[in-house]
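Below is one structure, written out as structure tokens; comments come after it.
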Amino acid sequence: METQNEVLLKVDNLVKHFPIYRGVFQRQVGAVHAVDGISFDVYKGETLGLVGESGCGKSTAGRTILQLYKPTSGSVDFQGVDLATLKGEELRHMRKKIQMIFQDPYASLNPRMTVGDIIGEPLMVHNVATPKEIEERVADLLNKVNLNPAFASRYPHEFSGGQRQRIGIARALALQPDFIVCDEPISALDVSIQAQVVNLLEDLQAQFGLTYLFIAHDLSMVRHISTRVAVMYLGIIVELADRKTLYTNPLHPYSQALLSAVPVADPVVEEKRKRVILEGDVPSPVNPPSGCRFRTRCPIAKPGVCDASKPEFREVDPGHFVACHLV
Amino acid sequence: MTETTPTGDNSLLEATFATRKIGWFEKFVGPENFRILVGLLKTPASIIGLSLILTYVVIGILAPVIAPPVKPNADPYSIPRDGFSSDPKPMGSEWKRNKPPEPFWYKPLTGNDKWVHLFGTSEGQYDIFYYVIWGVRTAFFTGLLVTFATLVIGVIYGSISAYYGGMVDNIMMRLVDVLMILPSLLAALILAAVLTPRIGKSLIPVMTALIAFGWMGYARIIRGDILSVKERDYVLAARVVGVKDSRILFRHIIPNAIFPTLVLASLAIGDVVLAFAALSFLGIGTEVGYADWGQVLSFARNWITALDQYWYIVVWPGLALVFFVMGWNLLGDALRDVLDPRMRGRS
Ligand SMILES: Nc1ncnc2c1ncn2[C@@H]1O[C@H](COP(=O)(O)OP(=O)(O)OP(=O)(O)O)[C@@H](O)[C@H]1O
Ligand code: SF4
Ligand SMILES: [Mg+2]
């Protein structure tokens, strides 16, 4: 469906393994397969939701795309440049265009810097403005995220979680990026504040033509904001579709299970909602199951098929990708 | 959905902060630590400690007035001696030879116009009062300089180790482990004993030895704190916006990692002075007659069986040392107590 849309970011077979070292000689004894070959496109101006249980590799995926972790393999094509091949200064310059918003508003602001210094630092380190201009830009940015510009001289500890998250958003906006990875930006906030922050992010997206990769650990959080949704399980993407399709017609058994946990507003539908309870724990990412990664918990797994080979991530309908042998 | 909801409590916050100014000291230590330090000024232990230290600072500064040198241009750290006889003279005995000028406060305070040996003399007729007063400066000098030098070495060493990580870190920290197994006072004693005949008796051999075996604790602490701060989200955030490595290290990591190390250093000043005195007492270090508490205490070694008679050789310099060390320890302990729960909460 999205053929006419411009691709902003193309992730191709991205892999990130964290080696595990043991013993006196620090020999590598294995690796955490945090991200194990994910591919997707992000279209300009959209919000791609990335959903999965805790530990499935969402943050690692986001950080590897941003080159905060060096990819084990694969490429991240951003506006025609493979970020994975950039180094040093080139990469530093690229950072003007790609930003990130963090999950924990208490951990993501340097407690020793004033709000003004935090928001102004990106401008300062890239030499794009004079100190006077930075001051003005900071005031402007604080306004944009609905904070009082007079707060620039305050320290982060003087603010609430929601306000801190706005400060983090202002920092991400400072360099006027094209693309922002939002790593569970609302998970740590009070429910009453969550909607405010989501609304703010949507406003800013409309105002500046931003593109988001929006990470969340359940489907209800991204329902409102996403254009398309990718479902991740144990380091791989199992299903990717536009929002409507994913919420009404999920094809992968894991997406179905996740969706069955989301309450529905309509009481009649809610009444009939069938909950799929997943058995067992998520397997360790150090030794992921052979064949289909989901087979140890899949309610419809077929022996001899699902453990034999990895299901291919294929396009079953236009724009609808699934990795399952039985679809 | 185009209108965003304002947070609402902005005006309230604004009213709260409107008048508060941030001073350079608060900027330097950081807001949390600043509140802690201000709070510290209200704990009895640290008030006593601070008063003790301040008293010593005043004595140290006023030393030329309290105990004037014999001649205006004489080396004040060389204690004036009243003759050469070996038996110590008791407190209050008259000053006969080589008499310094009476200080201005002496007569009004005592009604006496003859300068006496207020605290008696040691073997060789060195004046103990002069030892005590001028020894204050030596204590500050050695304590602060050794602590500062060990701190700088430890912080640089630990930062390099943490910064490079991997094999470099491994090797550097194993070296620290090895050095820390050694009993540091004994090691310093041996090194000072080796150095003294080569560079002569002075403060230098002992200070060098104490520095050589005193920095490892700082290296360990700062390394651990840097490693933990390195993983904080705000460091990642700085990388995301394109902050250069050196600025990340000096602006984001070290300011957030160094405070526990500084606390440790403030705790150590008293111990350094004590260790210095211990080595001096054993006769390693300064020349006989140099204004140093450990030095004068070492006279007691020859009179150990007659200390009931010559108690003043030990008691006055001993008290000076004890209160000095106590002042730093009280301050350091209070600081550590206040900071500990927070430090455990981190990392
Ligand atoms: N720096 C690292 N070194 C080693 N292993 C790591 C590292 N970061 C993450 N991992 C491991 O990689 C896996 C994926 O972690 P990740 O943080 O990406 O998950 P997540 O989906 O973001 O989870 P959450 O919802 O809890 O944030 C986990 O098993 C985690 O333990
Ligand atoms: S491939 Fe098999 S195990 Fe995997 S999701 Fe499909 S049915 Fe379940
Ligand atoms: Mg995460």
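How things are named: the first chain in the structure tokens is A, the next is B, and so on; residues count from 1 in each chain; ligands count from 1 in the order shown.
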
*Within 10 Å of ligand 2, which residues show up when you count only C-alpha atoms and all ligand atoms? List them as a VMD selection string, please.*
chain A and resid 238 251 to 255 291 to 312 322 to 327

_Using DSSP secondary structure from the backbone, list all alpha helix (DSSP H) positions within region 25-274 of chain A, as a PyMOL selection string._
chain A and resi 58-65+88-94+115-125+131-144+161-173+191-208+219-223+243-248+253-260+267-272

*Show me which bits of chain A are within 6 Å of chain B, counting only C-alpha atoms, as a list of chain:residue names.*
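Using only C-alpha atoms, chain A residues at most 6 Å from chain B: A:Arg92, A:Arg95, A:Ala107, A:Ser108, A:Leu109, A:Asn110, A:Arg112, A:Pro122, A:Val125, A:Asn146, A:Leu200, A:Asp203.
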
Cut-off 9 Å: closest region 264-339 of chain B/region 82-91 of chain B atom pairs per residue, using only C-alpha atoms, as a Markdown table:
| residue | atom | partner | partner_atom | distance |
| --- | --- | --- | --- | --- |
| B:Gln309 | CA | B:Pro90 | CA | 8.8 |
| B:Tyr310 | CA | B:Pro88 | CA | 7.1 |
| B:Tyr312 | CA | B:Met91 | CA | 7.5 |
| B:Ile313 | CA | B:Pro88 | CA | 8.1 |

*If you run DSSP over the backbone, which residues in region 1-141 of chain A end up strand (DSSP E)? Put them as a VMD selection string.*
chain A and resid 7 to 22 27 to 43 47 to 51 73 to 78 81 to 82 98 to 101

For the residues selected in the previous step, produce a file with N, CA and C atoms as a compact mmCIF listing (two decimals), in the first residue's frame.
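This went into out-v2.txt:
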# COMPACT_ATOMS: atom_id res chain seq x y z
N VAL A 7 10.90 6.16 1.32
CA VAL A 7 11.56 5.42 2.39
C VAL A 7 12.63 6.32 3.01
N LEU A 8 12.55 6.51 4.34
CA LEU A 8 13.53 7.35 5.03
C LEU A 8 14.67 6.50 5.58
N LEU A 9 14.30 5.34 6.09
CA LEU A 9 15.28 4.49 6.75
C LEU A 9 15.02 3.05 6.34
N LYS A 10 16.09 2.37 5.92
CA LYS A 10 15.92 1.00 5.47
C LYS A 10 16.84 0.12 6.31
N VAL A 11 16.25 -0.71 7.15
CA VAL A 11 17.04 -1.61 7.99
C VAL A 11 17.09 -2.95 7.29
N ASP A 12 18.30 -3.46 7.05
CA ASP A 12 18.40 -4.69 6.29
C ASP A 12 19.21 -5.74 7.04
N ASN A 13 18.49 -6.77 7.47
CA ASN A 13 19.12 -7.91 8.11
C ASN A 13 20.06 -7.51 9.25
N LEU A 14 19.60 -6.63 10.09
CA LEU A 14 20.43 -6.10 11.17
C LEU A 14 20.58 -7.13 12.28
N VAL A 15 21.83 -7.34 12.70
CA VAL A 15 22.14 -8.32 13.75
C VAL A 15 22.97 -7.64 14.82
N LYS A 16 22.60 -7.87 16.09
CA LYS A 16 23.47 -7.43 17.18
C LYS A 16 23.58 -8.54 18.21
N HIS A 17 24.79 -9.08 18.32
CA HIS A 17 25.08 -10.08 19.35
C HIS A 17 25.99 -9.47 20.40
N PHE A 18 25.69 -9.72 21.67
CA PHE A 18 26.61 -9.30 22.73
C PHE A 18 27.43 -10.50 23.15
N PRO A 19 28.74 -10.48 22.89
CA PRO A 19 29.55 -11.63 23.26
C PRO A 19 29.61 -11.82 24.78
N ILE A 20 29.68 -13.08 25.19
CA ILE A 20 29.81 -13.39 26.63
C ILE A 20 31.22 -13.93 26.85
N TYR A 21 31.96 -13.30 27.74
CA TYR A 21 33.33 -13.74 28.02
C TYR A 21 33.39 -14.40 29.38
N ARG A 22 34.19 -15.44 29.49
CA ARG A 22 34.36 -16.12 30.77
C ARG A 22 35.82 -16.41 31.04
N ARG A 27 37.84 -15.67 27.47
CA ARG A 27 37.50 -16.33 26.23
C ARG A 27 36.01 -16.13 25.95
N GLN A 28 35.67 -15.99 24.66
CA GLN A 28 34.25 -15.85 24.35
C GLN A 28 33.58 -17.21 24.40
N VAL A 29 32.56 -17.34 25.25
CA VAL A 29 31.91 -18.63 25.40
C VAL A 29 30.54 -18.66 24.74
N GLY A 30 30.06 -17.52 24.26
CA GLY A 30 28.75 -17.50 23.62
C GLY A 30 28.37 -16.07 23.34
N ALA A 31 27.09 -15.85 23.03
CA ALA A 31 26.65 -14.50 22.75
C ALA A 31 25.16 -14.37 23.02
N VAL A 32 24.77 -13.19 23.47
CA VAL A 32 23.35 -12.89 23.59
C VAL A 32 22.87 -12.45 22.22
N HIS A 33 21.93 -13.22 21.66
CA HIS A 33 21.42 -12.87 20.34
C HIS A 33 20.30 -11.86 20.50
N ALA A 34 20.68 -10.64 20.87
CA ALA A 34 19.67 -9.63 21.24
C ALA A 34 18.84 -9.22 20.03
N VAL A 35 19.50 -8.99 18.90
CA VAL A 35 18.80 -8.69 17.66
C VAL A 35 19.37 -9.63 16.62
N ASP A 36 18.51 -10.41 15.95
CA ASP A 36 19.04 -11.50 15.15
C ASP A 36 18.53 -11.48 13.72
N GLY A 37 18.76 -10.35 13.06
CA GLY A 37 18.36 -10.28 11.66
C GLY A 37 16.99 -9.67 11.51
N ILE A 38 16.90 -8.37 11.60
CA ILE A 38 15.61 -7.72 11.38
C ILE A 38 15.71 -6.82 10.15
N SER A 39 14.63 -6.78 9.39
CA SER A 39 14.58 -5.96 8.18
C SER A 39 13.25 -5.23 8.12
N PHE A 40 13.29 -3.96 7.90
CA PHE A 40 12.05 -3.20 7.67
C PHE A 40 12.40 -1.84 7.10
N ASP A 41 11.39 -1.20 6.53
CA ASP A 41 11.55 0.17 6.04
C ASP A 41 10.77 1.09 6.96
N VAL A 42 11.26 2.32 7.07
CA VAL A 42 10.48 3.33 7.77
C VAL A 42 10.20 4.42 6.75
N TYR A 43 8.92 4.76 6.59
CA TYR A 43 8.56 5.78 5.60
C TYR A 43 8.57 7.16 6.21
N THR A 47 4.81 6.87 11.84
CA THR A 47 5.26 6.35 13.12
C THR A 47 5.20 4.84 13.03
N LEU A 48 6.36 4.23 13.12
CA LEU A 48 6.39 2.77 13.11
C LEU A 48 6.46 2.30 14.55
N GLY A 49 5.44 1.59 15.00
CA GLY A 49 5.44 1.05 16.35
C GLY A 49 6.26 -0.23 16.38
N LEU A 50 7.09 -0.41 17.43
CA LEU A 50 7.86 -1.65 17.58
C LEU A 50 7.49 -2.22 18.94
N VAL A 51 6.83 -3.40 18.90
CA VAL A 51 6.25 -3.92 20.13
C VAL A 51 6.79 -5.31 20.43
N SER A 73 26.21 -7.37 12.17
CA SER A 73 26.16 -7.38 10.71
C SER A 73 24.88 -6.70 10.27
N GLY A 74 24.75 -6.53 8.97
CA GLY A 74 23.56 -5.87 8.44
C GLY A 74 23.81 -4.39 8.18
N SER A 75 22.81 -3.76 7.57
CA SER A 75 23.00 -2.36 7.24
C SER A 75 21.80 -1.52 7.65
N VAL A 76 22.05 -0.24 7.86
CA VAL A 76 21.01 0.72 8.20
C VAL A 76 21.16 1.87 7.22
N ASP A 77 20.29 1.87 6.21
CA ASP A 77 20.41 2.88 5.18
C ASP A 77 19.54 4.07 5.54
N PHE A 78 20.16 5.22 5.75
CA PHE A 78 19.41 6.42 6.08
C PHE A 78 19.68 7.48 5.03
N VAL A 81 22.65 6.70 2.95
CA VAL A 81 23.95 6.45 3.58
C VAL A 81 23.82 5.26 4.50
N ASP A 82 24.76 4.32 4.41
CA ASP A 82 24.73 3.19 5.34
C ASP A 82 25.39 3.62 6.65
N ILE A 98 19.31 12.19 13.38
CA ILE A 98 18.64 11.06 14.03
C ILE A 98 18.76 11.24 15.54
N GLN A 99 17.67 11.27 16.22
CA GLN A 99 17.72 11.48 17.65
C GLN A 99 16.98 10.39 18.41
N MET A 100 17.01 10.50 19.73
CA MET A 100 16.40 9.45 20.54
C MET A 100 15.77 10.05 21.78
N ILE A 101 14.67 9.45 22.19
CA ILE A 101 14.03 9.83 23.46
C ILE A 101 14.06 8.58 24.34
